[in-house]
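Asker: Just so it is clear, I am handing over entry_5.cif, which has mmCIF, C-alpha atoms.
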```cif
data_structure
#
loop_
_atom_site.label_atom_id
_atom_site.label_comp_id
_atom_site.auth_asym_id
_atom_site.auth_seq_id
_atom_site.Cartn_x
_atom_site.Cartn_y
_atom_site.Cartn_z
CA MET A 30 51.84 73.77 49.43
CA TRP A 31 50.80 72.34 46.08
CA ASN A 32 53.95 70.25 45.86
CA GLU A 33 53.04 68.56 49.13
CA LYS A 34 49.59 67.70 47.82
CA LYS A 35 51.11 66.51 44.58
CA GLN A 36 53.30 64.03 46.46
CA SER A 37 50.38 62.65 48.44
CA PRO A 38 47.04 63.12 46.66
CA PRO A 39 43.87 62.67 48.73
CA SER A 40 42.15 59.31 48.76
CA ASP A 41 38.91 58.56 46.96
CA ARG A 42 36.78 58.22 50.06
CA SER A 43 34.13 55.51 49.81
CA HIS A 44 35.10 55.28 46.12
CA ALA A 45 32.65 58.13 45.48
CA VAL A 46 34.56 59.49 42.48
CA ALA A 47 34.89 55.99 41.01
CA VAL A 48 31.12 55.47 41.30
CA ILE A 49 30.36 58.85 39.72
CA ILE A 50 32.71 58.25 36.78
CA PHE A 51 31.12 54.83 36.27
CA ILE A 52 27.67 56.50 36.26
CA LEU A 53 28.91 59.11 33.78
CA GLY A 54 29.95 56.25 31.49
CA VAL A 55 26.49 54.68 31.81
CA GLY A 56 24.78 58.01 31.19
CA THR A 57 26.64 58.77 27.98
CA LEU A 58 25.38 55.65 26.18
CA LEU A 59 22.23 54.62 28.04
CA PRO A 60 19.93 57.07 26.19
CA TRP A 61 21.10 56.06 22.75
CA ASN A 62 20.99 52.34 23.57
CA PHE A 63 17.38 52.73 24.64
CA PHE A 64 16.68 54.60 21.42
CA ILE A 65 17.97 51.64 19.41
CA THR A 66 15.86 49.10 21.31
CA ALA A 67 12.71 51.00 20.30
CA SER A 68 13.33 50.25 16.62
CA GLN A 69 10.21 48.08 16.42
CA TYR A 70 8.09 50.90 17.83
CA PHE A 71 9.36 53.38 15.24
CA ASN A 72 8.90 50.99 12.33
CA GLU A 73 5.34 50.19 13.37
CA ARG A 74 4.41 53.87 13.60
CA LEU A 75 5.95 54.59 10.21
CA ASN A 76 4.08 51.70 8.56
CA VAL A 77 0.65 52.95 9.68
CA THR A 78 -1.59 54.59 7.06
CA ASP A 79 -4.41 56.99 7.73
CA GLY A 80 -6.92 54.84 5.85
CA THR A 81 -7.58 57.21 2.95
CA ALA A 82 -7.55 56.07 -0.65
CA ASP A 83 -4.71 58.42 -1.56
CA ASP A 84 -2.50 57.32 1.29
CA VAL A 85 0.18 54.96 0.00
CA GLN A 86 2.33 53.13 2.47
CA LYS A 87 6.00 54.12 2.07
CA ASP A 88 9.16 52.24 2.79
CA TYR A 89 10.98 54.75 4.99
CA ASN A 90 14.03 52.47 5.39
CA TYR A 91 14.16 53.63 9.00
CA ASP A 92 17.07 51.46 10.18
CA SER A 93 19.42 52.57 7.41
CA TRP A 94 18.61 56.25 7.89
CA MET A 95 18.95 55.87 11.64
CA SER A 96 22.45 54.45 11.19
CA LEU A 97 23.49 57.17 8.76
CA LEU A 98 22.09 60.07 10.76
CA SER A 99 23.64 58.79 13.96
CA GLN A 100 27.19 58.25 12.72
CA LEU A 101 27.57 61.49 10.72
CA PRO A 102 26.91 63.91 13.60
CA LEU A 103 28.94 61.73 15.97
CA LEU A 104 31.95 62.03 13.67
CA LEU A 105 31.52 65.68 12.69
CA PHE A 106 30.87 67.03 16.15
CA ALA A 107 33.51 64.84 17.78
CA LEU A 108 35.97 66.53 15.40
CA LEU A 109 34.53 69.93 16.27
CA ASN A 110 34.83 69.14 19.97
CA SER A 111 38.55 68.44 19.48
CA PHE A 112 38.94 72.17 18.87
CA LEU A 113 35.88 73.48 20.73
CA TYR A 114 37.40 72.67 24.12
CA GLN A 115 39.92 75.49 23.63
CA TRP A 116 37.18 78.14 23.51
CA VAL A 117 34.23 76.71 25.45
CA LYS A 118 34.66 75.56 29.04
CA GLU A 119 34.24 71.84 29.63
CA ARG A 120 31.56 72.32 32.32
CA LEU A 121 29.40 74.35 29.94
CA ARG A 122 29.82 71.82 27.11
CA VAL A 123 28.83 68.88 29.34
CA ALA A 124 25.93 70.61 31.10
CA VAL A 125 24.36 72.00 27.91
CA SER A 126 24.74 68.64 26.12
CA MET A 127 23.03 66.73 28.94
CA VAL A 128 20.19 69.24 29.22
CA VAL A 129 19.51 69.14 25.47
CA ILE A 130 19.60 65.31 25.39
CA PHE A 131 17.23 65.23 28.36
CA LEU A 132 14.78 67.59 26.61
CA LEU A 133 14.93 65.59 23.37
CA PHE A 134 14.00 62.40 25.20
CA VAL A 135 11.20 64.18 27.04
CA LEU A 136 9.91 65.24 23.61
CA THR A 137 10.23 61.70 22.25
CA ALA A 138 8.41 60.26 25.27
CA ALA A 139 5.62 62.83 24.87
CA LEU A 140 5.20 62.02 21.17
CA VAL A 141 4.43 58.38 22.04
CA LYS A 142 0.92 59.53 22.95
CA VAL A 143 0.56 61.96 20.01
CA ASP A 144 -0.95 60.82 16.70
CA MET A 145 1.07 62.08 13.73
CA ARG A 146 1.22 61.40 10.01
CA PRO A 147 4.10 59.03 9.12
CA ASP A 148 5.91 61.69 7.05
CA THR A 149 5.84 64.17 9.91
CA PHE A 150 6.78 61.56 12.49
CA PHE A 151 9.69 60.38 10.32
CA SER A 152 11.02 63.93 9.94
CA VAL A 153 10.76 64.64 13.68
CA THR A 154 12.42 61.32 14.53
CA MET A 155 15.31 61.85 12.13
CA ALA A 156 15.87 65.36 13.48
CA THR A 157 15.85 63.96 17.02
CA ILE A 158 18.41 61.30 16.10
CA TRP A 159 20.67 63.91 14.52
CA PHE A 160 20.59 66.30 17.47
CA ILE A 161 20.89 63.56 20.12
CA ASN A 162 24.05 62.28 18.45
CA MET A 163 25.35 65.78 17.84
CA PHE A 164 25.21 66.66 21.52
CA GLY A 165 26.12 63.09 22.46
CA ALA A 166 29.40 63.47 20.55
CA VAL A 167 30.23 66.69 22.39
CA LEU A 168 29.24 65.07 25.70
CA GLN A 169 31.34 61.93 25.24
CA GLY A 170 34.32 63.82 23.89
CA SER A 171 34.22 66.25 26.81
CA LEU A 172 33.84 63.50 29.42
CA PHE A 173 36.66 61.45 27.91
CA GLY A 174 38.77 64.59 28.31
CA VAL A 175 37.73 64.94 31.95
CA VAL A 176 38.32 61.26 32.72
CA GLY A 177 41.76 61.52 31.09
CA MET A 178 42.82 63.83 33.95
CA PHE A 179 42.34 61.04 36.50
CA PRO A 180 44.54 57.96 37.06
CA PRO A 181 44.26 55.33 34.27
CA ARG A 182 41.90 53.03 36.18
CA TYR A 183 39.19 55.69 36.03
CA SER A 184 39.23 55.52 32.22
CA THR A 185 38.56 51.80 32.59
CA LEU A 186 35.66 52.53 34.96
CA PHE A 187 34.19 55.01 32.49
CA MET A 188 34.40 52.49 29.65
CA SER A 189 32.85 49.83 31.91
CA GLY A 190 29.94 52.16 32.59
CA GLN A 191 29.37 52.53 28.87
CA GLY A 192 29.33 48.75 28.57
CA LEU A 193 26.73 48.46 31.32
CA ALA A 194 24.46 50.84 29.40
CA GLY A 195 24.24 48.27 26.63
CA ILE A 196 23.25 45.55 29.11
CA PHE A 197 20.40 47.69 30.43
CA ALA A 198 19.14 48.20 26.89
CA ALA A 199 19.43 44.50 26.03
CA VAL A 200 17.57 43.45 29.18
CA ALA A 201 14.88 46.03 28.41
CA MET A 202 14.55 44.54 24.94
CA LEU A 203 14.16 41.05 26.41
CA CYS A 204 11.52 42.27 28.88
CA SER A 205 9.56 43.94 26.11
CA ILE A 206 9.61 40.77 24.01
CA MET A 207 8.39 38.62 26.88
CA SER A 208 5.89 41.11 28.29
CA LYS A 209 2.23 41.27 27.32
CA THR A 210 2.09 45.08 27.21
CA ASP A 211 1.31 46.92 24.00
CA THR A 212 4.04 48.56 21.92
CA GLN A 213 3.02 52.08 22.89
CA SER A 214 3.33 51.44 26.62
CA ALA A 215 6.68 49.71 26.13
CA ALA A 216 7.97 52.67 24.11
CA LEU A 217 6.84 55.12 26.78
CA GLY A 218 8.77 53.12 29.36
CA TYR A 219 11.84 53.10 27.14
CA PHE A 220 11.96 56.88 26.82
CA VAL A 221 11.08 57.77 30.40
CA THR A 222 14.00 55.63 31.61
CA PRO A 223 16.76 57.54 29.71
CA CYS A 224 15.13 60.82 30.77
CA VAL A 225 15.62 59.89 34.42
CA ALA A 226 19.09 58.44 33.75
CA THR A 227 20.28 61.57 31.94
CA LEU A 228 19.04 63.80 34.75
CA GLY A 229 20.80 61.61 37.31
CA THR A 230 24.00 61.72 35.26
CA LEU A 231 23.89 65.52 35.17
CA LEU A 232 23.51 65.71 38.96
CA CYS A 233 26.46 63.34 39.42
CA TYR A 234 28.59 65.45 37.09
CA LEU A 235 27.77 68.64 38.99
CA LEU A 236 28.70 66.91 42.26
CA LEU A 237 32.09 65.70 40.98
CA PRO A 238 34.17 68.93 41.44
CA HIS A 239 32.99 69.22 45.06
CA LEU A 240 34.75 65.98 46.04
CA GLU A 241 38.30 66.48 47.35
CA PHE A 242 39.83 63.66 45.28
CA ALA A 243 38.23 64.87 42.04
CA ASN A 244 39.05 68.50 42.78
CA TYR A 245 42.74 67.59 43.17
CA TYR A 246 43.02 66.05 39.70
CA LEU A 247 40.70 68.49 37.94
CA ASN A 248 42.71 71.48 39.20
CA ARG A 249 46.15 69.88 38.92
CA ASN A 250 46.76 71.10 35.38
CA GLN A 251 46.24 74.74 36.32
CA ALA A 252 48.40 74.41 39.42
CA ASP A 253 51.16 72.72 37.41
CA LYS A 254 51.01 75.54 34.91
CA LEU A 255 51.43 78.25 37.59
CA ASP A 256 54.16 76.32 39.34
CA LEU A 257 56.05 75.79 36.08
CA SER A 258 55.70 79.45 35.07
CA ASN A 259 57.14 80.57 38.42
CA LYS A 260 59.96 78.09 38.07
CA LEU A 261 60.72 79.30 34.55
CA MET A 262 60.76 82.97 35.60
CA SER A 263 63.01 82.22 38.57
CA SER A 264 65.48 80.31 36.43
CA THR A 265 65.46 82.96 33.71
CA ASP A 266 66.26 85.67 36.30
CA LYS A 267 69.21 83.65 37.55
CA ILE A 268 70.49 83.17 34.02
CA ALA A 269 70.22 86.88 33.32
CA LEU A 270 72.13 87.74 36.50
CA ASN A 271 74.86 85.25 35.68
CA GLY A 272 75.05 86.41 32.06
CA ASN A 273 74.56 82.84 30.94
CA VAL A 274 71.78 81.97 28.45
CA LYS A 275 72.44 78.23 28.19
CA ASP A 276 70.23 75.23 28.69
CA LEU A 277 67.21 75.71 30.89
CA GLU A 278 66.84 71.97 30.92
CA ALA A 279 70.04 71.66 32.96
CA LYS A 280 68.18 73.54 35.70
CA GLY A 281 65.24 71.19 35.50
CA VAL A 282 63.04 73.58 33.50
CA PRO A 283 61.34 72.24 30.34
CA GLU A 284 61.49 74.17 27.08
CA ASP A 285 57.86 75.22 27.09
CA SER A 286 56.17 77.75 29.32
CA GLY A 287 53.58 75.39 30.74
CA GLU A 288 51.05 76.01 27.97
CA ARG A 289 49.03 73.16 26.49
CA SER A 290 50.47 71.53 23.40
CA SER A 291 48.71 71.93 20.07
CA VAL A 292 46.20 69.32 18.96
CA PHE A 293 48.60 68.13 16.26
CA ALA A 294 51.50 67.83 18.74
CA VAL A 295 49.34 65.67 21.03
CA PHE A 296 48.17 63.57 18.07
CA LYS A 297 51.79 62.77 17.13
CA LYS A 298 52.24 61.17 20.54
CA ILE A 299 49.01 59.12 20.58
CA TRP A 300 48.51 58.29 16.89
CA VAL A 301 49.09 54.56 17.40
CA MET A 302 46.38 54.36 20.08
CA ALA A 303 44.09 56.55 17.95
CA LEU A 304 44.50 54.23 14.97
CA CYS A 305 43.98 51.16 17.15
CA VAL A 306 40.72 52.41 18.69
CA THR A 307 39.49 53.28 15.19
CA LEU A 308 40.20 49.75 13.96
CA VAL A 309 38.63 48.13 17.03
CA PHE A 310 35.27 49.81 16.47
CA ALA A 311 35.43 49.67 12.66
CA ILE A 312 35.75 45.87 12.83
CA THR A 313 32.97 45.62 15.43
CA LEU A 314 30.46 47.88 13.68
CA SER A 315 31.06 46.25 10.29
CA VAL A 316 29.34 43.05 11.50
CA PHE A 317 27.41 44.07 14.62
CA PRO A 318 24.49 44.21 14.42
CA VAL A 319 23.94 44.05 10.65
CA ILE A 320 25.33 40.50 10.33
CA THR A 321 24.83 39.15 13.84
CA VAL A 322 21.06 39.80 13.91
CA ARG A 323 20.65 37.65 10.79
CA VAL A 324 21.98 34.54 12.52
CA LYS A 325 19.12 32.17 13.37
CA THR A 326 18.80 29.30 15.82
CA VAL A 327 18.97 25.73 14.58
CA TYR A 328 15.94 24.97 16.77
CA PRO A 329 13.17 27.03 15.09
CA GLU A 330 10.55 24.51 16.22
CA ASN A 331 11.06 25.77 19.79
CA ARG A 332 9.04 28.97 19.39
CA ASP A 333 9.93 30.45 22.76
CA TRP A 334 13.66 30.04 22.11
CA ASP A 335 13.33 31.22 18.53
CA LYS A 336 11.56 34.34 19.79
CA VAL A 337 14.35 35.40 22.16
CA PHE A 338 17.37 33.89 20.36
CA THR A 339 18.60 37.13 18.77
CA CYS A 340 18.06 39.16 21.91
CA VAL A 341 19.87 36.66 24.17
CA CYS A 342 22.64 35.30 21.94
CA CYS A 343 23.34 38.50 20.04
CA PHE A 344 22.62 41.54 22.22
CA ILE A 345 22.84 40.20 25.78
CA VAL A 346 25.92 38.04 25.13
CA PHE A 347 27.60 40.93 23.31
CA ASN A 348 26.93 43.49 26.03
CA LEU A 349 27.80 41.19 28.93
CA MET A 350 31.12 40.13 27.42
CA ASP A 351 31.85 43.66 26.21
CA LEU A 352 31.41 44.87 29.81
CA ALA A 353 33.69 42.08 31.04
CA GLY A 354 36.28 43.14 28.48
CA ARG A 355 36.06 46.81 29.48
CA SER A 356 36.52 45.85 33.14
CA ALA A 357 39.40 43.41 32.60
CA PRO A 358 42.16 46.08 32.28
CA SER A 359 41.70 46.88 35.97
CA LEU A 360 43.10 43.38 36.63
CA VAL A 361 45.58 42.91 33.79
CA GLN A 362 46.92 45.16 31.03
CA TRP A 363 48.52 43.22 28.19
CA PRO A 364 49.99 44.06 25.73
CA SER A 365 51.64 47.18 27.18
CA LYS A 366 51.27 50.56 25.52
CA GLU A 367 54.83 50.36 24.12
CA SER A 368 54.48 46.80 22.81
CA ARG A 369 54.37 46.15 19.07
CA LEU A 370 51.98 43.31 19.83
CA PHE A 371 49.22 45.79 20.65
CA PRO A 372 48.45 46.76 17.01
CA VAL A 373 48.80 43.07 16.08
CA ALA A 374 46.18 42.12 18.68
CA VAL A 375 43.82 44.76 17.25
CA LEU A 376 44.30 43.56 13.66
CA SER A 377 43.77 39.93 14.70
CA ARG A 378 40.10 40.76 15.37
CA LEU A 379 39.55 40.74 11.60
CA ILE A 380 39.18 36.96 11.91
CA PHE A 381 35.76 37.48 13.47
CA VAL A 382 34.35 38.91 10.23
CA PRO A 383 34.52 35.63 8.23
CA LEU A 384 33.70 33.57 11.34
CA LEU A 385 30.41 35.43 11.89
CA LEU A 386 29.60 35.27 8.18
CA MET A 387 29.92 31.47 8.43
CA CYS A 388 27.34 31.18 11.22
CA ASN A 389 23.74 30.06 10.61
CA ILE A 390 22.56 32.86 8.28
CA GLN A 391 19.80 31.28 6.20
CA THR A 392 20.30 33.52 3.16
CA SER A 393 24.06 32.96 3.08
CA LYS A 394 25.98 30.38 1.06
CA LEU A 395 28.93 30.61 3.47
CA THR A 396 27.22 28.79 6.33
CA PHE A 397 29.54 26.24 7.95
CA LEU A 398 29.17 26.92 11.68
CA LYS A 399 25.48 26.20 12.10
CA HIS A 400 25.03 25.22 15.73
CA ASP A 401 23.94 27.86 18.25
CA CYS A 402 26.98 27.12 20.43
CA TYR A 403 29.37 28.21 17.67
CA PHE A 404 27.62 31.55 17.42
CA VAL A 405 27.58 32.12 21.19
CA VAL A 406 31.30 31.33 21.59
CA ILE A 407 32.30 33.52 18.64
CA MET A 408 30.12 36.38 19.89
CA ALA A 409 31.60 36.07 23.40
CA LEU A 410 35.20 36.29 22.14
CA PHE A 411 34.29 39.00 19.62
CA SER A 412 32.65 41.24 22.21
CA PHE A 413 35.20 40.62 24.98
CA SER A 414 38.07 41.59 22.70
CA ASN A 415 36.14 44.68 21.63
CA GLY A 416 35.68 45.91 25.19
CA TYR A 417 39.17 44.94 26.37
CA LEU A 418 41.17 46.50 23.53
CA ALA A 419 39.00 49.62 23.34
CA SER A 420 39.38 50.18 27.08
CA LEU A 421 43.15 49.74 26.87
CA CYS A 422 43.36 52.26 24.02
CA MET A 423 41.39 54.89 25.93
CA SER A 424 43.42 54.23 29.09
CA TYR A 425 46.85 54.23 27.42
CA ALA A 426 46.49 57.42 25.36
CA PRO A 427 46.52 59.94 28.29
CA GLN A 428 49.59 58.15 29.69
CA LEU A 429 51.57 59.06 26.56
CA VAL A 430 51.27 62.83 27.09
CA ARG A 431 51.95 65.38 29.82
CA SER A 432 49.29 65.86 32.49
CA ARG A 433 48.24 69.22 31.05
CA ASP A 434 47.56 67.55 27.67
CA CYS A 435 45.45 64.69 29.03
CA GLU A 436 42.17 66.45 28.21
CA THR A 437 43.30 67.02 24.61
CA ALA A 438 44.34 63.36 24.31
CA GLY A 439 41.01 62.14 25.68
CA THR A 440 39.06 64.40 23.35
CA LEU A 441 41.08 63.28 20.32
CA MET A 442 40.63 59.62 21.24
CA SER A 443 36.87 60.08 21.40
CA PHE A 444 36.96 61.50 17.86
CA PHE A 445 38.85 58.47 16.55
CA LEU A 446 36.45 56.19 18.43
CA PHE A 447 33.58 57.83 16.52
CA LEU A 448 35.59 57.60 13.30
CA GLY A 449 35.80 53.84 13.84
CA LEU A 450 32.03 53.68 14.35
CA ALA A 451 31.45 55.60 11.11
CA VAL A 452 33.88 53.47 9.10
CA GLY A 453 32.38 50.27 10.51
CA ALA A 454 28.83 51.42 9.74
CA SER A 455 29.89 52.16 6.15
CA PHE A 456 31.42 48.71 5.67
CA SER A 457 28.31 47.11 7.19
CA PHE A 458 26.36 47.99 4.02
CA LEU A 459 28.92 46.10 1.94
CA LEU A 460 29.00 43.03 4.20
CA GLY A 461 25.23 43.06 4.52
CA GLY A 462 25.00 42.77 0.75
CA LEU A 463 27.09 39.59 0.83
CA VAL A 464 24.45 37.69 2.77
#
```
How does this structure look as structure tokens?

Answerer:
Amino acid sequence: MWNEKKQSPPSDRSHAVAVIIFILGVGTLLPWNFFITASQYFNERLNVTDGTADDVQKDYNYDSWMSLLSQLPLLLFALLNSFLYQWVKERLRVAVSMVVIFLLFVLTAALVKVDMRPDTFFSVTMATIWFINMFGAVLQGSLFGVVGMFPPRYSTLFMSGQGLAGIFAAVAMLCSIMSKTDTQSAALGYFVTPCVATLGTLLCYLLLPHLEFANYYLNRNQADKLDLSNKLMSSTDKIALNGNVKDLEAKGVPEDSGERSSVFAVFKKIWVMALCVTLVFAITLSVFPVITVRVKTVYPENRDWDKVFTCVCCFIVFNLMDLAGRSAPSLVQWPSKESRLFPVAVLSRLIFVPLLLMCNIQTSKLTFLKHDCYFVVIMALFSFSNGYLASLCMSYAPQLVRSRDCETAGTLMSFFLFLGLAVGASFSFLLGGLV
């Protein structure tokens, strides 16, 4: 009965599974993107004194600590999740992660209306950042594993959803800049939004296994395992009766017993894609946003344009083109996963580092590409290539392993994605010092 289903899987009616996987992609990054856009709110609260003579205003270096305490747990717990999946069920990992992230944002939203000393507020905020990224790493790693069980186009949809999360955050930033509301009200709106989004994402995830199309792919690994075990036992019995212990493969039975491969065995098959996704994000994070936010317009006399230049030309352009890049593999996939040109295409993105350093950064001596148009074009190509190549990497990796190892491949790829973020964030300190 299973073999019949395997030959003709059910259809994704009304594209319900596609929509849910897209929403899961949005939900994984929407909360953190909204956290980043509230940077001004956090800095203003940390720079407030209580008015006493003994109270000295401190430089908390919020942005640097935020970067450090976001990348470390992402990397550490993505690595942990690469092994955690063998002992803790995926549904429990995802559900617990979403609930904890939801509660942390409820806490953050509540604290908007609570007066606290800067030291205490800084400590609470840093702890929140750590735990959000800790559970966010487990969540993303687990969902990449789940998405890896579906056909390749669903990995592209998931990555596209993540790209859309950045657009929401960028638009929210633009609205806050142009609005007349106070910082506190804007911050409250920021944190209520990811609360609702995270709750909606959790409900979508819980609905997923109840859809026939999703149920087919989510349960396929277990069915394959039982089918293969039965086949192996049947063939072994025949061999014993015939007194012949030769090649099981000649009877169409693989050497293994249907068990999942080890993490290292899966890594040996996907290491090229793992290295490529690391390089893609390392190059991106080394200059975005630490270098890109320092680029200024050549029309500072236009105050309205000067006010929104960074938001529009840096964040909105990046997120729009990144989303376009993540969606493009559904139309064309080049280079192929076997092509030697794929690593070359990834390495070619290094050219964007000097190009962005040569844009209109007032404190830099390397400025040659001053006009706003240069910056917009470079940012568009930079972000499109980021989304396109990252999406291809995440889509190709599960295709290089057996169906029962797709979850392991997806989980490993998420770890190397986070590794790229951490490496890029580290290099950003060095490049930031150059300008």

Asker: Please enumerate the residues selected by the PyMOL selection byres ((chain A and resi 350) around 10) when evaluated against the supplied file, formatted as a PyMOL selection string.

Answerer: chain A and resi 192+196+345-349+351-356+408-417

Asker: Give me a file of those residues, with C-alpha atoms, as a PDB file, in the frame of the given file.

Answerer:
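See again32.pdb below for the written result:
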```pdb
ATOM      1  CA  GLY A 192      29.330  48.750  28.570  1.00  0.00           C
ATOM      2  CA  ILE A 196      23.250  45.550  29.110  1.00  0.00           C
ATOM      3  CA  ILE A 345      22.840  40.200  25.780  1.00  0.00           C
ATOM      4  CA  VAL A 346      25.920  38.040  25.130  1.00  0.00           C
ATOM      5  CA  PHE A 347      27.600  40.930  23.310  1.00  0.00           C
ATOM      6  CA  ASN A 348      26.930  43.490  26.030  1.00  0.00           C
ATOM      7  CA  LEU A 349      27.800  41.190  28.930  1.00  0.00           C
ATOM      8  CA  ASP A 351      31.850  43.660  26.210  1.00  0.00           C
ATOM      9  CA  LEU A 352      31.410  44.870  29.810  1.00  0.00           C
ATOM     10  CA  ALA A 353      33.690  42.080  31.040  1.00  0.00           C
ATOM     11  CA  GLY A 354      36.280  43.140  28.480  1.00  0.00           C
ATOM     12  CA  ARG A 355      36.060  46.810  29.480  1.00  0.00           C
ATOM     13  CA  SER A 356      36.520  45.850  33.140  1.00  0.00           C
ATOM     14  CA  MET A 408      30.120  36.380  19.890  1.00  0.00           C
ATOM     15  CA  ALA A 409      31.600  36.070  23.400  1.00  0.00           C
ATOM     16  CA  LEU A 410      35.200  36.290  22.140  1.00  0.00           C
ATOM     17  CA  PHE A 411      34.290  39.000  19.620  1.00  0.00           C
ATOM     18  CA  SER A 412      32.650  41.240  22.210  1.00  0.00           C
ATOM     19  CA  PHE A 413      35.200  40.620  24.980  1.00  0.00           C
ATOM     20  CA  SER A 414      38.070  41.590  22.700  1.00  0.00           C
ATOM     21  CA  ASN A 415      36.140  44.680  21.630  1.00  0.00           C
ATOM     22  CA  GLY A 416      35.680  45.910  25.190  1.00  0.00           C
ATOM     23  CA  TYR A 417      39.170  44.940  26.370  1.00  0.00           C
TER      24      TYR A 417
END
```

Asker: Can you measure CA of Leu421 (chain A) to CA of Ile320 (chain A) for me? One decimal in Å is fine.

Answerer: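 Separating CA of Leu421 (chain A) from CA of Ile320 (chain A) is a distance of 26.0 Å.
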
Asker: Rounded to one decimal place, report the CA of Asn72 (chain A)-CA of Leu168 (chain A) distance in Å.

Answerer: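 Interatomic distance here is 28.1 Å.
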
Asker: Pick from A:Ser443, A:Asn389, A:Ser455, A:Ser37: nearest to Ser184 (chain A), with only C-alpha atoms counted?

Answerer: A:Ser443

Asker: Would you compute the distance between CA of Ser393 (chain A) and CA of Arg323 (chain A)? Give it in Å to one decimal.

Answerer: 9.6 Å

Asker: Apply the PyMOL selection byres ((chain A and resi 377) around 12) to the structure shown and report the selected residues as an MDAnalysis selection string.

Answerer: chainID A and resid 305 308:309 312 370:376 378:382 410:411 414:415 418

Asker: Just checking: using all atoms listed in the file, which residue out of A:Asn248, A:Asn331, A:Gln362, A:Thr392 ends up closest to Ser432 (chain A)?

Answerer: A:Asn248

Asker: Residues within 9 Å of Thr230 (chain A), please, as a PDB file with C-alpha atoms, in the frame of the given file. Count only C-alpha atoms; anything in the same chain fewer than 5 positions from it doesn't count.

Answerer:
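Output contents, as saved in part.pdb:
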```pdb
ATOM      1  CA  ILE A  49      30.360  58.850  39.720  1.00  0.00           C
ATOM      2  CA  ILE A  52      27.670  56.500  36.260  1.00  0.00           C
ATOM      3  CA  LEU A  53      28.910  59.110  33.780  1.00  0.00           C
ATOM      4  CA  GLY A  54      29.950  56.250  31.490  1.00  0.00           C
ATOM      5  CA  VAL A  55      26.490  54.680  31.810  1.00  0.00           C
ATOM      6  CA  GLY A  56      24.780  58.010  31.190  1.00  0.00           C
ATOM      7  CA  THR A  57      26.640  58.770  27.980  1.00  0.00           C
ATOM      8  CA  MET A 127      23.030  66.730  28.940  1.00  0.00           C
ATOM      9  CA  VAL A 225      15.620  59.890  34.420  1.00  0.00           C
ATOM     10  CA  LEU A 235      27.770  68.640  38.990  1.00  0.00           C
TER      11      LEU A 235
END
```

Asker: Please evaluate the PyMOL selection byres ((chain A and resi 149-151) around 10) against the structure above and give the resulting residues as a PDB file with C-alpha atoms, in the coordinates of the input.

Answerer:
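Wrote result39.pdb, looks like this:
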```pdb
ATOM      1  CA  PHE A  71       9.360  53.380  15.240  1.00  0.00           C
ATOM      2  CA  ASN A  72       8.900  50.990  12.330  1.00  0.00           C
ATOM      3  CA  ARG A  74       4.410  53.870  13.600  1.00  0.00           C
ATOM      4  CA  LEU A  75       5.950  54.590  10.210  1.00  0.00           C
ATOM      5  CA  TYR A  89      10.980  54.750   4.990  1.00  0.00           C
ATOM      6  CA  TYR A  91      14.160  53.630   9.000  1.00  0.00           C
ATOM      7  CA  LEU A 140       5.200  62.020  21.170  1.00  0.00           C
ATOM      8  CA  VAL A 143       0.560  61.960  20.010  1.00  0.00           C
ATOM      9  CA  ASP A 144      -0.950  60.820  16.700  1.00  0.00           C
ATOM     10  CA  MET A 145       1.070  62.080  13.730  1.00  0.00           C
ATOM     11  CA  ARG A 146       1.220  61.400  10.010  1.00  0.00           C
ATOM     12  CA  PRO A 147       4.100  59.030   9.120  1.00  0.00           C
ATOM     13  CA  ASP A 148       5.910  61.690   7.050  1.00  0.00           C
ATOM     14  CA  SER A 152      11.020  63.930   9.940  1.00  0.00           C
ATOM     15  CA  VAL A 153      10.760  64.640  13.680  1.00  0.00           C
ATOM     16  CA  THR A 154      12.420  61.320  14.530  1.00  0.00           C
ATOM     17  CA  MET A 155      15.310  61.850  12.130  1.00  0.00           C
ATOM     18  CA  ALA A 156      15.870  65.360  13.480  1.00  0.00           C
ATOM     19  CA  THR A 157      15.850  63.960  17.020  1.00  0.00           C
TER      20      THR A 157
END
```

Asker: Looking at A:Pro60, A:Pro427, A:Pro38, A:Pro383, which one is nearest to Gly174 (chain A), with distances taken over all atoms listed in the file?

Answerer: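 Closest to Gly174 (chain A) of all the choices is A:Pro427.
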
Asker: Using only C-alpha atoms, which protein or nucleic acid residues come within 9 Å of Val46 (chain A)? Drop anything in the same chain fewer than 6 positions from it, and give the result as a VMD selection string.

Answerer: chain A and resid 183 237 240 242 to 243

Asker: Give me the residues near Val200 (chain A) as a count of residues only, where near means some atom within 10 Å (using all atoms listed in the file) and where sequence neighbours in that chain fewer than 2 positions away do not count.

Answerer: 15
